[in-house]
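What follows is the content of protein.cif (mmCIF, C-alpha atoms).
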```cif
data_target
loop_
_atom_site.label_atom_id
_atom_site.label_comp_id
_atom_site.auth_asym_id
_atom_site.auth_seq_id
_atom_site.Cartn_x
_atom_site.Cartn_y
_atom_site.Cartn_z
CA MET J 1 0.00 0.00 0.00
CA SER J 2 1.23 3.51 -0.74
CA GLN J 3 1.73 6.01 2.06
CA ALA J 4 -1.48 6.37 4.04
CA LYS J 5 -3.52 9.43 3.10
CA GLY J 6 -6.44 8.98 5.50
CA ARG J 7 -8.89 7.90 2.80
CA VAL J 8 -11.86 5.90 4.15
CA LEU J 9 -14.46 4.24 1.92
CA ILE J 10 -17.67 3.81 3.92
CA ILE J 11 -20.08 1.09 2.76
CA ALA J 12 -23.23 1.55 4.81
CA GLY J 13 -26.81 2.81 4.93
CA SER J 14 -28.00 6.42 4.95
CA ASP J 15 -29.70 7.89 8.04
CA SER J 16 -31.91 10.84 7.12
CA GLY J 17 -31.73 12.10 10.72
CA GLY J 18 -27.95 12.40 10.47
CA GLY J 19 -27.17 10.69 13.76
CA ALA J 20 -26.06 7.30 12.49
CA GLY J 21 -25.21 5.58 9.21
CA VAL J 22 -23.11 7.23 6.53
CA GLN J 23 -23.92 10.70 7.84
CA ALA J 24 -22.37 9.90 11.22
CA ASP J 25 -19.53 8.05 9.48
CA ILE J 26 -18.60 11.04 7.32
CA LYS J 27 -18.67 13.38 10.32
CA ALA J 28 -16.52 11.05 12.43
CA VAL J 29 -13.92 10.45 9.74
CA THR J 30 -13.67 14.17 9.06
CA ALA J 31 -13.41 15.03 12.76
CA MET J 32 -10.60 12.49 13.14
CA GLY J 33 -8.58 14.00 10.30
CA GLY J 34 -9.47 11.59 7.50
CA TYR J 35 -11.21 11.85 4.13
CA ALA J 36 -14.58 10.09 3.76
CA ALA J 37 -16.09 8.62 0.58
CA THR J 38 -19.21 6.45 0.46
CA ALA J 39 -21.03 3.59 -1.17
CA ILE J 40 -24.58 3.69 0.16
CA THR J 41 -26.31 0.32 0.64
CA ALA J 42 -29.78 1.51 1.64
CA ILE J 43 -31.76 4.67 2.29
CA THR J 44 -33.53 4.73 5.64
CA VAL J 45 -36.34 7.02 6.71
CA GLN J 46 -35.11 7.78 10.19
CA ASN J 47 -35.00 10.28 13.03
CA THR J 48 -34.36 10.16 16.77
CA LEU J 49 -37.69 8.41 17.31
CA GLY J 50 -36.80 5.40 15.15
CA VAL J 51 -36.54 3.88 11.69
CA HIS J 52 -39.73 4.45 9.70
CA GLY J 53 -38.66 2.88 6.41
CA VAL J 54 -35.77 1.01 4.80
CA HIS J 55 -35.17 1.07 1.05
CA PRO J 56 -32.26 -1.11 -0.15
CA LEU J 57 -30.33 0.01 -3.22
CA PRO J 58 -29.62 -2.36 -6.14
CA LEU J 59 -26.51 -4.52 -5.80
CA ASP J 60 -24.94 -3.21 -8.99
CA LEU J 61 -25.41 0.38 -7.82
CA ILE J 62 -23.76 -0.39 -4.47
CA GLU J 63 -20.80 -1.95 -6.24
CA ALA J 64 -20.62 0.84 -8.85
CA GLN J 65 -20.29 3.44 -6.08
CA ALA J 66 -17.49 1.49 -4.43
CA ARG J 67 -15.66 0.88 -7.71
CA ALA J 68 -15.89 4.55 -8.69
CA VAL J 69 -14.21 5.52 -5.42
CA LEU J 70 -11.59 2.76 -5.40
CA ASP J 71 -10.62 3.20 -9.06
CA ASP J 72 -10.04 6.95 -8.75
CA ILE J 73 -9.63 8.21 -5.17
CA GLY J 74 -8.56 4.94 -3.56
CA ALA J 75 -8.91 3.91 0.08
CA ASP J 76 -6.54 3.42 2.98
CA ALA J 77 -9.28 1.75 5.02
CA ILE J 78 -12.81 0.53 4.40
CA LYS J 79 -15.60 0.72 6.96
CA THR J 80 -18.73 -1.39 6.56
CA GLY J 81 -21.96 -0.74 8.41
CA MET J 82 -25.55 -1.63 7.53
CA LEU J 83 -25.57 -4.31 4.84
CA GLY J 84 -29.11 -5.62 5.28
CA SER J 85 -29.26 -8.85 3.30
CA VAL J 86 -27.29 -11.93 2.30
CA SER J 87 -26.86 -10.66 -1.26
CA VAL J 88 -25.38 -7.35 -0.10
CA VAL J 89 -23.05 -9.14 2.33
CA GLU J 90 -21.85 -11.38 -0.50
CA ARG J 91 -21.29 -8.43 -2.85
CA VAL J 92 -19.44 -6.36 -0.24
CA ALA J 93 -17.22 -9.31 0.69
CA ALA J 94 -16.29 -9.61 -2.98
CA ILE J 95 -15.45 -5.89 -3.09
CA LEU J 96 -13.20 -6.25 -0.04
CA ASP J 97 -11.30 -9.02 -1.79
CA THR J 98 -10.25 -6.61 -4.54
CA THR J 99 -8.46 -4.17 -2.24
CA GLY J 100 -5.67 -4.46 0.29
CA ALA J 101 -7.17 -1.80 2.53
CA PRO J 102 -7.96 -2.97 6.08
CA ALA J 103 -11.66 -3.39 6.76
CA VAL J 104 -13.38 -2.12 9.90
CA VAL J 105 -16.51 -4.27 10.06
CA ASP J 106 -19.37 -2.98 12.21
CA PRO J 107 -21.89 -5.86 12.13
CA VAL J 108 -24.96 -3.62 12.29
CA MET J 109 -28.07 -5.63 13.14
CA ILE J 110 -30.49 -3.50 15.19
CA ALA J 111 -31.09 0.26 15.22
CA LYS J 112 -31.05 2.11 18.54
CA GLY J 113 -34.85 2.22 18.54
CA GLY J 114 -35.13 -1.54 17.96
CA ALA J 115 -35.72 -1.75 14.21
CA SER J 116 -33.97 -4.63 12.43
CA LEU J 117 -31.28 -3.55 9.97
CA LEU J 118 -30.10 -7.04 9.01
CA ASP J 119 -32.21 -9.93 7.75
CA ASP J 120 -32.22 -12.90 10.14
CA ASN J 121 -30.82 -15.17 7.45
CA ALA J 122 -27.96 -12.73 6.82
CA VAL J 123 -26.39 -13.16 10.27
CA GLU J 124 -24.71 -16.38 9.13
CA ALA J 125 -23.40 -14.61 6.02
CA VAL J 126 -21.86 -11.88 8.18
CA LYS J 127 -20.30 -14.59 10.35
CA THR J 128 -18.79 -16.54 7.48
CA LEU J 129 -17.99 -13.75 4.98
CA MET J 130 -17.43 -10.50 6.88
CA VAL J 131 -15.84 -11.63 10.14
CA PRO J 132 -12.87 -13.35 8.42
CA ARG J 133 -12.30 -10.22 6.29
CA ALA J 134 -12.23 -7.86 9.27
CA ALA J 135 -9.01 -6.15 10.25
CA ILE J 136 -11.12 -5.23 13.25
CA LEU J 137 -14.69 -6.24 14.11
CA THR J 138 -16.73 -3.89 16.36
CA PRO J 139 -19.77 -5.76 17.75
CA ASN J 140 -21.91 -4.69 20.67
CA ALA J 141 -23.10 -7.35 23.11
CA PRO J 142 -26.29 -8.41 21.24
CA GLU J 143 -24.41 -8.58 17.93
CA ALA J 144 -21.63 -10.66 19.48
CA GLU J 145 -24.23 -12.99 20.98
CA ALA J 146 -25.89 -13.43 17.57
CA LEU J 147 -22.55 -14.18 15.89
CA THR J 148 -21.18 -16.57 18.54
CA GLY J 149 -24.15 -18.02 20.40
CA LEU J 150 -22.48 -16.99 23.68
CA VAL J 151 -24.04 -14.90 26.44
CA VAL J 152 -22.42 -11.47 26.81
CA ALA J 153 -23.57 -10.08 30.15
CA ASP J 154 -20.28 -9.09 31.77
CA LEU J 155 -16.57 -8.62 31.04
CA ASP J 156 -15.92 -12.35 31.03
CA GLY J 157 -18.69 -12.77 28.45
CA GLN J 158 -17.18 -10.00 26.35
CA ARG J 159 -13.80 -11.74 26.51
CA ARG J 160 -15.18 -15.18 25.60
CA ALA J 161 -17.18 -13.83 22.66
CA GLY J 162 -14.25 -11.75 21.46
CA GLU J 163 -11.95 -14.75 21.57
CA ALA J 164 -14.51 -16.79 19.63
CA LEU J 165 -14.66 -14.09 16.96
CA LEU J 166 -10.87 -14.13 16.68
CA VAL J 167 -11.10 -17.88 16.09
CA LEU J 168 -13.66 -17.18 13.34
CA GLY J 169 -11.03 -15.11 11.54
CA ALA J 170 -11.25 -11.50 12.68
CA ARG J 171 -7.74 -10.10 13.10
CA ALA J 172 -8.88 -7.93 16.00
CA VAL J 173 -12.16 -7.51 17.89
CA LEU J 174 -13.41 -4.45 19.77
CA MET J 175 -16.11 -5.77 22.09
CA LYS J 176 -18.29 -2.78 22.94
CA GLY J 177 -19.74 -2.73 26.45
CA GLY J 178 -22.51 -0.17 26.22
CA HIS J 179 -25.21 -2.86 26.40
CA VAL J 180 -23.58 -4.55 29.40
CA GLU J 181 -25.24 -3.32 32.59
CA GLY J 182 -23.32 -1.49 35.28
CA PRO J 183 -22.09 1.98 36.27
CA THR J 184 -18.90 1.54 34.24
CA VAL J 185 -18.70 0.96 30.49
CA ILE J 186 -15.84 -1.27 29.39
CA ASP J 187 -14.85 -1.77 25.77
CA LEU J 188 -12.42 -4.63 25.27
CA LEU J 189 -9.94 -4.73 22.38
CA LEU J 190 -8.72 -8.25 21.67
CA THR J 191 -5.90 -9.11 19.29
CA PRO J 192 -3.90 -12.33 18.88
CA THR J 193 -1.16 -10.76 21.04
CA GLY J 194 -3.25 -9.52 23.96
CA GLU J 195 -6.07 -7.30 25.18
CA THR J 196 -6.65 -3.66 26.04
CA LEU J 197 -9.42 -2.37 28.33
CA LEU J 198 -10.99 1.02 27.69
CA GLU J 199 -13.03 1.97 30.72
CA GLY J 200 -15.08 4.96 31.82
CA PRO J 201 -18.14 5.89 33.87
CA ARG J 202 -21.48 5.38 32.15
CA ILE J 203 -22.84 8.69 30.92
CA GLU J 204 -26.53 8.98 31.77
CA THR J 205 -28.02 10.31 28.55
CA THR J 206 -30.50 9.43 25.82
CA SER J 207 -28.16 10.92 23.20
CA THR J 208 -26.45 7.71 22.07
CA HIS J 209 -27.88 7.30 18.58
CA GLY J 210 -25.15 6.30 16.14
CA THR J 211 -22.53 5.57 18.79
CA GLY J 212 -21.46 2.31 17.15
CA CYS J 213 -21.27 3.78 13.66
CA THR J 214 -19.27 6.72 14.96
CA LEU J 215 -16.79 4.58 16.91
CA ALA J 216 -16.12 2.21 13.99
CA SER J 217 -15.62 5.09 11.57
CA ALA J 218 -13.30 6.89 13.96
CA VAL J 219 -11.23 3.71 14.20
CA ALA J 220 -11.18 3.47 10.41
CA ALA J 221 -9.95 7.06 10.17
CA GLY J 222 -7.05 6.22 12.44
CA LEU J 223 -6.10 3.09 10.53
CA ALA J 224 -6.35 5.03 7.27
CA GLN J 225 -3.76 7.47 8.61
CA GLY J 226 -1.39 4.63 9.42
CA TRP J 227 -1.92 4.48 13.17
CA PRO J 228 -1.35 1.17 15.02
CA ILE J 229 -4.64 -0.52 15.86
CA GLU J 230 -4.29 0.11 19.60
CA THR J 231 -3.75 3.83 18.97
CA ALA J 232 -6.62 4.05 16.50
CA VAL J 233 -9.00 2.39 18.96
CA ALA J 234 -7.88 4.48 21.95
CA GLU J 235 -8.18 7.76 20.04
CA ALA J 236 -11.58 6.76 18.62
CA TRP J 237 -12.82 5.74 22.07
CA ALA J 238 -11.79 9.07 23.59
CA TYR J 239 -13.39 10.97 20.68
CA VAL J 240 -16.72 9.16 21.04
CA SER J 241 -16.80 9.53 24.82
CA GLU J 242 -16.44 13.29 24.51
CA ALA J 243 -18.97 13.40 21.65
CA ILE J 244 -21.51 11.72 23.95
CA ARG J 245 -20.75 14.13 26.78
CA ARG J 246 -21.23 17.11 24.46
CA ALA J 247 -24.38 15.78 22.73
CA PRO J 248 -26.60 18.70 21.66
CA GLY J 249 -29.86 17.16 22.86
CA LEU J 250 -31.63 17.19 19.51
CA GLY J 251 -34.91 15.38 18.86
CA ALA J 252 -37.46 13.76 21.16
CA GLY J 253 -35.96 10.26 21.14
CA HIS J 254 -32.45 8.83 21.00
CA GLY J 255 -30.48 11.95 20.09
CA PRO J 256 -27.25 12.25 18.08
CA LEU J 257 -23.74 12.85 19.37
CA ASP J 258 -21.67 16.02 18.94
CA HIS J 259 -19.53 14.72 16.08
CA GLY J 260 -17.84 18.04 15.37
CA TRP J 261 -16.40 18.89 18.77
CA THR J 262 -12.81 18.25 17.67
CA LEU J 263 -13.12 20.79 14.87
CA ARG J 264 -14.36 23.53 17.19
CA ASP J 265 -11.64 22.79 19.74
CA ARG J 266 -8.79 23.32 17.31
CA PRO J 267 -6.59 26.35 18.13
#
```

Please go through the file and, once you have read it, give me the structure as structure tokens.
Amino acid sequence: MSQAKGRVLIIAGSDSGGGAGVQADIKAVTAMGGYAATAITAITVQNTLGVHGVHPLPLDLIEAQARAVLDDIGADAIKTGMLGSVSVVERVAAILDTTGAPAVVDPVMIAKGGASLLDDNAVEAVKTLMVPRAAILTPNAPEAEALTGLVVADLDGQRRAGEALLVLGARAVLMKGGHVEGPTVIDLLLTPTGETLLEGPRIETTSTHGTGCTLASAVAAGLAQGWPIETAVAEAWAYVSEAIRRAPGLGAGHGPLDHGWTLRDRP
């Protein structure tokens, strides 16, 4: 790969409310110093109150977007989010095989409000096709449970599921702890050489829409700039924590984060 330029190709769904999906991804990559390009997989009708419609895009259009970016601009990392169906998973896996860029795979299954963003029969496709292609996989507890069949209710559960996902082929796993109950949130980074705990007090807020999308994209921005995976994850984690703390309180439901705080804090 040529010298890293911070280019991130995001393959994910659009969120009309701007809190999650490609909108959150673009904001996060930009805030972390990278350059974001996109291949949109689906258009959702969405706001802080929930997902009110999902409209998948044709497979050839998804691939055409990705090819247009890769053939001209290029990518130093690829981030995948909402894929939706087996056919999209298969097509995206094939796209990943044509590039040497590391893939940050966020196995998006359920929206914050509870709407399904991945067909039930596509979970196995994510497990067999996306997990082995992941430079880093970023599941929350319910997603890790779906992929491994293991219960993730505490740190030991996070560790067991993460280790199982490494066995399935992921080169690193960031087990997110937001869904694990307790006053402290622990995210656990597992690699073949060890583990890193990222720990902080739980922030009592309803403004957590798009947290997973934002974290995965921030990690991708770091990898795209040539950072070691531990550095990329630590910087992304700190960025998201502050974005939650500074959330603007928009909407009547699960509100968005403050994605742009790093830009305003620059001297």

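Across the chains present, the PyMOL selection byres ((chain J and resi 101) around 9) applied to this file returns Met1, Ala75, Asp76, Ala77, Ile78, Leu96, Thr99, Gly100, Pro102, Ala103 and Ala224 of chain J.
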
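The shell of residues at most 10 Å from Asn121 (chain J), with all atoms listed in the file counted and near chain neighbours (fewer than 5 positions) removed, consists of Gly84, Ser85, Val86 and Val126 of chain J.
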
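Proximity to Ala31 (chain J) was assessed for J:Ala221, J:Val185, J:Cys213, J:Ile62 counting only C-alpha atoms; the smallest distance is recorded for J:Ala221.
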
>> Given all atoms listed in the file as the basis, pick out the residue of J:Gly113, J:Gly19, J:Gly200, J:Pro107 nearest to Met175 (chain J).
In response: J:Pro107

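In terms of minimum interatomic distance to Arg202 (chain J), J:Ile244 ranks closest within J:Ile244, J:Ala170, J:Ala125, J:Leu117, counting only C-alpha atoms.
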
> Care to translate the PyMOL selection byres ((chain J and resi 178-181) around 10) into actual residues of this file, as a list in words?
Replying inline: Asn140, Ala141, Pro142, Val152, Ala153, Asp154, Leu155, Gly157, Gln158, Met175, Lys176, Gly177, Gly182, Pro183, Thr184, Val185, Ile186, Asp187, Arg202, Thr208, Thr211 and Gly212 of chain J

Export C-alpha atoms of the chosen residues as a CSV table (one decimal), in the coordinates of the input?
```csv
chain,number,residue,atom,x,y,z
J,140,ASN,CA,-21.9,-4.7,20.7
J,141,ALA,CA,-23.1,-7.4,23.1
J,142,PRO,CA,-26.3,-8.4,21.2
J,152,VAL,CA,-22.4,-11.5,26.8
J,153,ALA,CA,-23.6,-10.1,30.2
J,154,ASP,CA,-20.3,-9.1,31.8
J,155,LEU,CA,-16.6,-8.6,31.0
J,157,GLY,CA,-18.7,-12.8,28.4
J,158,GLN,CA,-17.2,-10.0,26.4
J,175,MET,CA,-16.1,-5.8,22.1
J,176,LYS,CA,-18.3,-2.8,22.9
J,177,GLY,CA,-19.7,-2.7,26.4
J,182,GLY,CA,-23.3,-1.5,35.3
J,183,PRO,CA,-22.1,2.0,36.3
J,184,THR,CA,-18.9,1.5,34.2
J,185,VAL,CA,-18.7,1.0,30.5
J,186,ILE,CA,-15.8,-1.3,29.4
J,187,ASP,CA,-14.8,-1.8,25.8
J,202,ARG,CA,-21.5,5.4,32.2
J,208,THR,CA,-26.4,7.7,22.1
J,211,THR,CA,-22.5,5.6,18.8
J,212,GLY,CA,-21.5,2.3,17.2
```

> If you count all atoms listed in the file, which residues fall within 6 Å of region 48-52 of chain J, apart from same-chain ones fewer than 2 positions away, as number ranges by chain?
Replying inline: J: 45-46, 113, 251, 253-255

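Run against this file, the PyMOL selection byres ((chain J and resi 226) around 9) gives back Gln3, Ala4, Lys5, Gly6, Asp76, Ala221, Gly222, Leu223, Ala224, Gln225, Trp227, Pro228, Ile229 and Ala232 of chain J.
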
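Among J:Thr38, J:Ser217, J:Thr30, J:Asn47, the residue with the shortest atom-to-atom distance to Ala111 (chain J), counting only C-alpha atoms, is J:Asn47.
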
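Going from CA of Leu9 (chain J) over to CA of Gly74 (chain J), you cover 8.1 Å.
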
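One finds CA of Gly21 (chain J) at 15.9 Å from CA of Val88 (chain J).
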
>> Calculated over all atoms listed in the file, which of the candidates J:Pro58, J:Arg7, J:Val167, J:Gly13 has the smallest distance to Asp72 (chain J)?
In response: J:Arg7

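The gap separating CA of Thr80 (chain J) from CA of Lys127 (chain J) is 13.8 Å, in Å to one decimal.
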
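Omitting Thr138 (chain J) and its sequence neighbours fewer than 5 positions away, and counting only C-alpha atoms, the residues within 10 Å are Val104, Val105, Asp106, Pro107, Val108, Val131, Glu143, Ala144, Gly162, Ala172, Val173, Leu174, Met175, Lys176, Asp187, Leu188, Leu189, Gly212, Cys213, Leu215, Ala216 and Val219 of chain J.
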
> Got a sec: who's within 10 Å of Gly18 (chain J), counting all atoms listed in the file, leaving out chain neighbours fewer than 2 positions off, as a PyMOL selection string?
Replying inline: chain J and resi 14-16+20-27+46-48+209-210+255-257

>> Given all atoms listed in the file as the basis, pick out the residue of J:Gly169, J:Gly33, J:Gly149, J:Gly114 nearest to Thr128 (chain J).
In response: J:Gly169

>> Which polymer residues, whether protein, DNA or RNA, lie within 9 Å of the coordinate (-17.1, -5.4, -0.4) when you count only C-alpha atoms? List them as a VMD selection string, using the chain letters and numbers from the file.
In response: chain J and resid 11 63 66 78 80 88 to 99 130
